[in-house]
2 protein chains.
Amino acid sequence: MERGTWGETSTDEAEVVCPRFHAAIELIGRRWSGAILFKLIDGPHFFRELLVAIPGISDRLLSQRLRELEAEGLVERSVHDGVPARVSYCLSATGAALEPALRQLHRWAQEHQVNGSP
Amino acid sequence: MERGTWGETSTDEAEVVCPRFHAAIELIGRRWSGAILFKLIDGPHFFRELLVAIPGISDRLLSQRLRELEAEGLVERSVHDGVPARVSYCLSATGAALEPALRQLHRWAQEHQVNGSP
């Protein structure tokens, strides 16, 4: 028997996947959300800058994802005076704390080719 | 002017999000896929063990996600002799290389509450 590899009735193997991890990975992996978060690592950006940085996303979807990320507390929104007023987005402290995970994944993606969306 | 923070026309800000990162985050963040990969970090598992470890997933969806992850080269499938034959799954070398990123995200999820799915 290969100890530590198999052992169908051990407690470890009966353990369910952490629901907080599960929620987190599906939040950041939602279509376009990961790209938005990654772009905001380099600092605050205006709406239009994000639109340019993420080819293929529409105005409508970018607005929607930013609202979701704001509601989750990962992104903060600032309105800048002017005519017209401009809106910028940056990572909150919680969002910024994702940086090590996102950078690790970025490193992995440089070294391994996947065919996933988009 | 806050140098390094703003500067709308700099090359950096015009840079698009790396398409490989974009594909990778949406692959691992696809509904259920992150949970399956995380469970497989602790070693190979039989199909039924994965089903128990991920509450809420159906047989059909687990099969589908495993097939997708196998097609992407992240997961490997082994058939074990017996009646009935049993099938187990483990991470490939490419899948195992995701461990640091998944563990970082796990750590983040322990420290920050999100309301994302599921």
# chains A, B, ... in the order shown; residues from 1 in each chain; ligands from 1
>>> residues_around(residues="Pro55 of chain B", least_positions_apart="5", cutoff="10 Å", atoms="only C-alpha atoms", output="list in words")
Val16, Val17 and Pro19 of chain A; Leu50 of chain B
>>> write_last_selection(atoms="N, CA, C and O atoms", output="PDB file, in the first residue's frame")
ATOM      1  N   VAL A  16     -13.822  18.116   2.921  1.00  0.00           N
ATOM      2  CA  VAL A  16     -14.344  18.848   1.768  1.00  0.00           C
ATOM      3  C   VAL A  16     -13.444  20.050   1.472  1.00  0.00           C
ATOM      4  O   VAL A  16     -12.730  20.539   2.341  1.00  0.00           O
ATOM      5  N   VAL A  17     -13.505  20.512   0.232  1.00  0.00           N
ATOM      6  CA  VAL A  17     -12.726  21.676  -0.178  1.00  0.00           C
ATOM      7  C   VAL A  17     -13.241  22.900   0.575  1.00  0.00           C
ATOM      8  O   VAL A  17     -14.447  23.137   0.636  1.00  0.00           O
ATOM      9  N   PRO A  19     -14.785  26.073   1.637  1.00  0.00           N
ATOM     10  CA  PRO A  19     -15.753  26.889   0.903  1.00  0.00           C
ATOM     11  C   PRO A  19     -15.270  28.324   0.647  1.00  0.00           C
ATOM     12  O   PRO A  19     -15.663  28.938  -0.343  1.00  0.00           O
TER      13      PRO A  19
ATOM     14  N   LEU B  50     -13.867  12.629  -5.010  1.00  0.00           N
ATOM     15  CA  LEU B  50     -13.983  14.032  -5.427  1.00  0.00           C
ATOM     16  C   LEU B  50     -15.419  14.515  -5.267  1.00  0.00           C
ATOM     17  O   LEU B  50     -15.667  15.648  -4.839  1.00  0.00           O
TER      18      LEU B  50
END
>>> closest_atom_pairs(of="chain B", to="chain A", cutoff="7 Å", atoms="only C-alpha atoms", output="tab-separated table")
residue	atom	partner	partner_atom	distance
B:Thr5	CA	A:Gly43	CA	5.7
B:Ala14	CA	A:Ala53	CA	6.3
B:Glu15	CA	A:Ala53	CA	5.9
B:Val16	CA	A:Ala53	CA	3.9
B:Val17	CA	A:Ala53	CA	5.8
B:Arg20	CA	A:Ala109	CA	5.6
B:Phe21	CA	A:His106	CA	5.2
B:His22	CA	A:Ala35	CA	5.7
B:Ala23	CA	A:Gly116	CA	5.1
B:Ala24	CA	A:Ala109	CA	6.1
B:Ile25	CA	A:Gly29	CA	5.3
B:Glu26	CA	A:Gly29	CA	4.7
B:Leu27	CA	A:Gly116	CA	5.1
B:Ile28	CA	A:Gly29	CA	6.8
B:Gly29	CA	A:Gly29	CA	3.8
B:Arg30	CA	A:Gly29	CA	6.4
B:Arg31	CA	A:Glu26	CA	6.2
B:Gly34	CA	A:Ile25	CA	6.2
B:Ala35	CA	A:His22	CA	5.7
B:Lys39	CA	A:Val17	CA	6.2
B:Gly43	CA	A:Thr5	CA	5.8
B:Pro44	CA	A:Thr5	CA	6.8
B:Val52	CA	A:Ala14	CA	6.9
B:Ala53	CA	A:Val16	CA	3.9
B:Ile54	CA	A:Val16	CA	5.8
B:Glu72	CA	A:Val114	CA	6.0
B:Thr94	CA	A:His112	CA	6.8
B:Leu98	CA	A:Trp108	CA	6.6
B:Pro100	CA	A:Gln104	CA	6.8
B:Ala101	CA	A:Gln104	CA	4.9
B:Gln104	CA	A:Ala101	CA	4.9
B:Leu105	CA	A:Ala101	CA	5.3
B:His106	CA	A:Phe21	CA	5.2
B:Trp108	CA	A:Leu98	CA	6.6
B:Ala109	CA	A:Phe21	CA	5.4
B:Gln110	CA	A:Arg20	CA	6.7
B:His112	CA	A:Thr94	CA	6.8
B:Val114	CA	A:Glu72	CA	6.0
B:Asn115	CA	A:Glu72	CA	6.5
B:Gly116	CA	A:Ala23	CA	5.1
B:Ser117	CA	A:Ala23	CA	5.2
B:Pro118	CA	A:Ala23	CA	5.7
>>> atom_distance(atom1="atom CA of Gly82 of chain A", atom2="atom CA of Ile57 of chain A")
25.9 Å
>>> select_by_dssp(residues="chain A", states="strand (DSSP E or B)", output="PyMOL selection string")
chain A and resi 3+6+45-46+75-80+86-91
>>> write_last_selection(atoms="N, CA and C atoms", output="mmCIF file, in the first residue's frame")
data_model
loop_
_atom_site.group_PDB
_atom_site.id
_atom_site.type_symbol
_atom_site.label_atom_id
_atom_site.label_comp_id
_atom_site.auth_asym_id
_atom_site.auth_seq_id
_atom_site.Cartn_x
_atom_site.Cartn_y
_atom_site.Cartn_z
ATOM 1 N N ARG A 3 1.368 4.407 1.337
ATOM 2 C CA ARG A 3 0.870 5.232 2.449
ATOM 3 C C ARG A 3 0.961 6.715 2.097
ATOM 4 N N TRP A 6 -2.779 6.777 -1.086
ATOM 5 C CA TRP A 6 -4.132 6.273 -1.105
ATOM 6 C C TRP A 6 -4.582 6.005 0.332
ATOM 7 N N HIS A 45 -6.692 53.198 -12.370
ATOM 8 C CA HIS A 45 -6.933 53.436 -13.794
ATOM 9 C C HIS A 45 -8.314 54.019 -14.022
ATOM 10 N N PHE A 46 -8.389 54.863 -15.028
ATOM 11 C CA PHE A 46 -9.690 55.362 -15.463
ATOM 12 C C PHE A 46 -10.422 54.258 -16.224
ATOM 13 N N VAL A 75 -12.435 46.381 -5.055
ATOM 14 C CA VAL A 75 -12.119 47.547 -5.886
ATOM 15 C C VAL A 75 -12.804 48.775 -5.294
ATOM 16 N N GLU A 76 -12.119 49.939 -5.400
ATOM 17 C CA GLU A 76 -12.719 51.199 -4.952
ATOM 18 C C GLU A 76 -12.815 52.165 -6.121
ATOM 19 N N ARG A 77 -13.828 52.967 -6.090
ATOM 20 C CA ARG A 77 -14.192 53.849 -7.185
ATOM 21 C C ARG A 77 -14.028 55.285 -6.717
ATOM 22 N N SER A 78 -13.430 56.144 -7.552
ATOM 23 C CA SER A 78 -13.314 57.572 -7.209
ATOM 24 C C SER A 78 -13.819 58.405 -8.370
ATOM 25 N N VAL A 79 -14.575 59.450 -8.022
ATOM 26 C CA VAL A 79 -15.058 60.362 -9.055
ATOM 27 C C VAL A 79 -14.171 61.607 -9.036
ATOM 28 N N HIS A 80 -13.679 62.011 -10.219
ATOM 29 C CA HIS A 80 -12.787 63.171 -10.331
ATOM 30 C C HIS A 80 -13.538 64.318 -10.968
ATOM 31 N N ARG A 86 -14.734 62.303 -14.396
ATOM 32 C CA ARG A 86 -14.144 61.016 -14.780
ATOM 33 C C ARG A 86 -14.096 60.101 -13.569
ATOM 34 N N VAL A 87 -14.180 58.828 -13.828
ATOM 35 C CA VAL A 87 -14.224 57.859 -12.732
ATOM 36 C C VAL A 87 -12.990 56.960 -12.829
ATOM 37 N N SER A 88 -12.321 56.795 -11.708
ATOM 38 C CA SER A 88 -11.170 55.878 -11.703
ATOM 39 C C SER A 88 -11.417 54.753 -10.703
ATOM 40 N N TYR A 89 -10.648 53.697 -10.867
ATOM 41 C CA TYR A 89 -10.796 52.506 -10.030
ATOM 42 C C TYR A 89 -9.426 52.090 -9.515
ATOM 43 N N CYS A 90 -9.398 51.621 -8.281
ATOM 44 C CA CYS A 90 -8.148 51.055 -7.752
ATOM 45 C C CYS A 90 -8.489 49.862 -6.865
ATOM 46 N N LEU A 91 -7.479 49.095 -6.527
ATOM 47 C CA LEU A 91 -7.700 47.970 -5.619
ATOM 48 C C LEU A 91 -7.880 48.497 -4.196
#
>>> select_by_dssp(residues="segment 1-116 of chain A", states="helix (DSSP H, G or I)", output="ChimeraX atom specification")
/A:11-14,19-28,33-40,47-53,59-71,93-96,99-111
>>> atom_distance(atom1="atom CA of Arg48 of chain A", atom2="atom CA of Leu62 of chain A")
9.7 Å
>>> atom_distance(atom1="atom CA of Ala96 of chain A", atom2="atom CA of Glu70 of chain A")
12.9 Å
>>> decode(residues="segment 25-99 of chain B", atoms="C-alpha atoms", output="PDB file, in the first residue's frame")
ATOM      1  CA  ILE B  25      -7.310  32.601 -14.430  1.00  0.00           C
ATOM      2  CA  GLU B  26     -10.546  31.888 -16.263  1.00  0.00           C
ATOM      3  CA  LEU B  27      -9.603  28.250 -16.706  1.00  0.00           C
ATOM      4  CA  ILE B  28      -8.943  27.623 -13.030  1.00  0.00           C
ATOM      5  CA  GLY B  29     -11.814  29.874 -11.978  1.00  0.00           C
ATOM      6  CA  ARG B  30     -14.414  28.103 -14.097  1.00  0.00           C
ATOM      7  CA  ARG B  31     -17.244  26.853 -11.896  1.00  0.00           C
ATOM      8  CA  TRP B  32     -15.997  23.845  -9.845  1.00  0.00           C
ATOM      9  CA  SER B  33     -12.604  23.621 -11.562  1.00  0.00           C
ATOM     10  CA  GLY B  34     -10.695  25.426  -8.806  1.00  0.00           C
ATOM     11  CA  ALA B  35     -12.196  23.175  -6.139  1.00  0.00           C
ATOM     12  CA  ILE B  36     -11.259  20.029  -8.100  1.00  0.00           C
ATOM     13  CA  LEU B  37      -7.668  21.208  -8.622  1.00  0.00           C
ATOM     14  CA  PHE B  38      -7.314  22.171  -4.968  1.00  0.00           C
ATOM     15  CA  LYS B  39      -8.546  18.782  -3.794  1.00  0.00           C
ATOM     16  CA  LEU B  40      -6.079  17.018  -6.079  1.00  0.00           C
ATOM     17  CA  ILE B  41      -3.156  18.871  -4.476  1.00  0.00           C
ATOM     18  CA  ASP B  42      -3.259  16.344  -1.646  1.00  0.00           C
ATOM     19  CA  GLY B  43      -2.825  13.419  -4.024  1.00  0.00           C
ATOM     20  CA  PRO B  44      -4.775  11.201  -6.428  1.00  0.00           C
ATOM     21  CA  HIS B  45      -8.462  10.645  -5.779  1.00  0.00           C
ATOM     22  CA  PHE B  46     -11.135   8.350  -7.067  1.00  0.00           C
ATOM     23  CA  PHE B  47     -14.097   9.936  -8.801  1.00  0.00           C
ATOM     24  CA  ARG B  48     -16.395   9.261  -5.864  1.00  0.00           C
ATOM     25  CA  GLU B  49     -13.962  10.834  -3.398  1.00  0.00           C
ATOM     26  CA  LEU B  50     -13.983  14.032  -5.427  1.00  0.00           C
ATOM     27  CA  LEU B  51     -17.762  13.974  -5.466  1.00  0.00           C
ATOM     28  CA  VAL B  52     -17.791  13.836  -1.647  1.00  0.00           C
ATOM     29  CA  ALA B  53     -15.118  16.520  -1.298  1.00  0.00           C
ATOM     30  CA  ILE B  54     -17.033  19.059  -3.372  1.00  0.00           C
ATOM     31  CA  PRO B  55     -20.548  19.403  -1.973  1.00  0.00           C
ATOM     32  CA  GLY B  56     -23.091  20.517  -4.524  1.00  0.00           C
ATOM     33  CA  ILE B  57     -21.373  19.226  -7.655  1.00  0.00           C
ATOM     34  CA  SER B  58     -23.277  16.644  -9.701  1.00  0.00           C
ATOM     35  CA  ASP B  59     -21.838  13.446 -11.233  1.00  0.00           C
ATOM     36  CA  ARG B  60     -22.363  14.893 -14.669  1.00  0.00           C
ATOM     37  CA  LEU B  61     -20.612  18.193 -13.989  1.00  0.00           C
ATOM     38  CA  LEU B  62     -17.714  16.548 -12.181  1.00  0.00           C
ATOM     39  CA  SER B  63     -17.183  14.269 -15.210  1.00  0.00           C
ATOM     40  CA  GLN B  64     -17.348  17.217 -17.552  1.00  0.00           C
ATOM     41  CA  ARG B  65     -14.883  19.351 -15.585  1.00  0.00           C
ATOM     42  CA  LEU B  66     -12.458  16.439 -15.211  1.00  0.00           C
ATOM     43  CA  ARG B  67     -12.572  15.872 -18.959  1.00  0.00           C
ATOM     44  CA  GLU B  68     -11.880  19.567 -19.568  1.00  0.00           C
ATOM     45  CA  LEU B  69      -8.993  19.633 -17.092  1.00  0.00           C
ATOM     46  CA  GLU B  70      -7.587  16.480 -18.700  1.00  0.00           C
ATOM     47  CA  ALA B  71      -7.884  18.065 -22.162  1.00  0.00           C
ATOM     48  CA  GLU B  72      -6.025  21.136 -20.848  1.00  0.00           C
ATOM     49  CA  GLY B  73      -3.263  18.877 -19.559  1.00  0.00           C
ATOM     50  CA  LEU B  74      -3.769  19.724 -15.881  1.00  0.00           C
ATOM     51  CA  VAL B  75      -5.207  16.395 -14.741  1.00  0.00           C
ATOM     52  CA  GLU B  76      -4.371  12.764 -15.543  1.00  0.00           C
ATOM     53  CA  ARG B  77      -6.759   9.843 -15.431  1.00  0.00           C
ATOM     54  CA  SER B  78      -5.936   6.230 -14.470  1.00  0.00           C
ATOM     55  CA  VAL B  79      -8.141   3.177 -14.771  1.00  0.00           C
ATOM     56  CA  HIS B  80      -7.711   0.558 -12.019  1.00  0.00           C
ATOM     57  CA  ASP B  81      -8.506  -3.101 -12.635  1.00  0.00           C
ATOM     58  CA  GLY B  82     -11.449  -4.518 -10.753  1.00  0.00           C
ATOM     59  CA  VAL B  83     -15.129  -5.194 -11.111  1.00  0.00           C
ATOM     60  CA  PRO B  84     -16.272  -2.563 -11.635  1.00  0.00           C
ATOM     61  CA  ALA B  85     -13.085  -0.864 -12.824  1.00  0.00           C
ATOM     62  CA  ARG B  86     -12.374   2.301 -10.870  1.00  0.00           C
ATOM     63  CA  VAL B  87     -11.033   5.562 -12.208  1.00  0.00           C
ATOM     64  CA  SER B  88      -8.727   7.898 -10.329  1.00  0.00           C
ATOM     65  CA  TYR B  89      -7.463  11.369 -11.103  1.00  0.00           C
ATOM     66  CA  CYS B  90      -4.283  13.213 -10.208  1.00  0.00           C
ATOM     67  CA  LEU B  91      -2.565  16.441 -11.169  1.00  0.00           C
ATOM     68  CA  SER B  92      -0.155  16.324 -14.112  1.00  0.00           C
ATOM     69  CA  ALA B  93       3.207  18.094 -13.727  1.00  0.00           C
ATOM     70  CA  THR B  94       1.583  21.195 -15.253  1.00  0.00           C
ATOM     71  CA  GLY B  95      -1.332  20.977 -12.829  1.00  0.00           C
ATOM     72  CA  ALA B  96       0.960  20.397  -9.853  1.00  0.00           C
ATOM     73  CA  ALA B  97       2.872  23.549 -10.793  1.00  0.00           C
ATOM     74  CA  LEU B  98      -0.278  25.513  -9.907  1.00  0.00           C
ATOM     75  CA  GLU B  99       0.112  24.603  -6.236  1.00  0.00           C
TER      76      GLU B  99
END
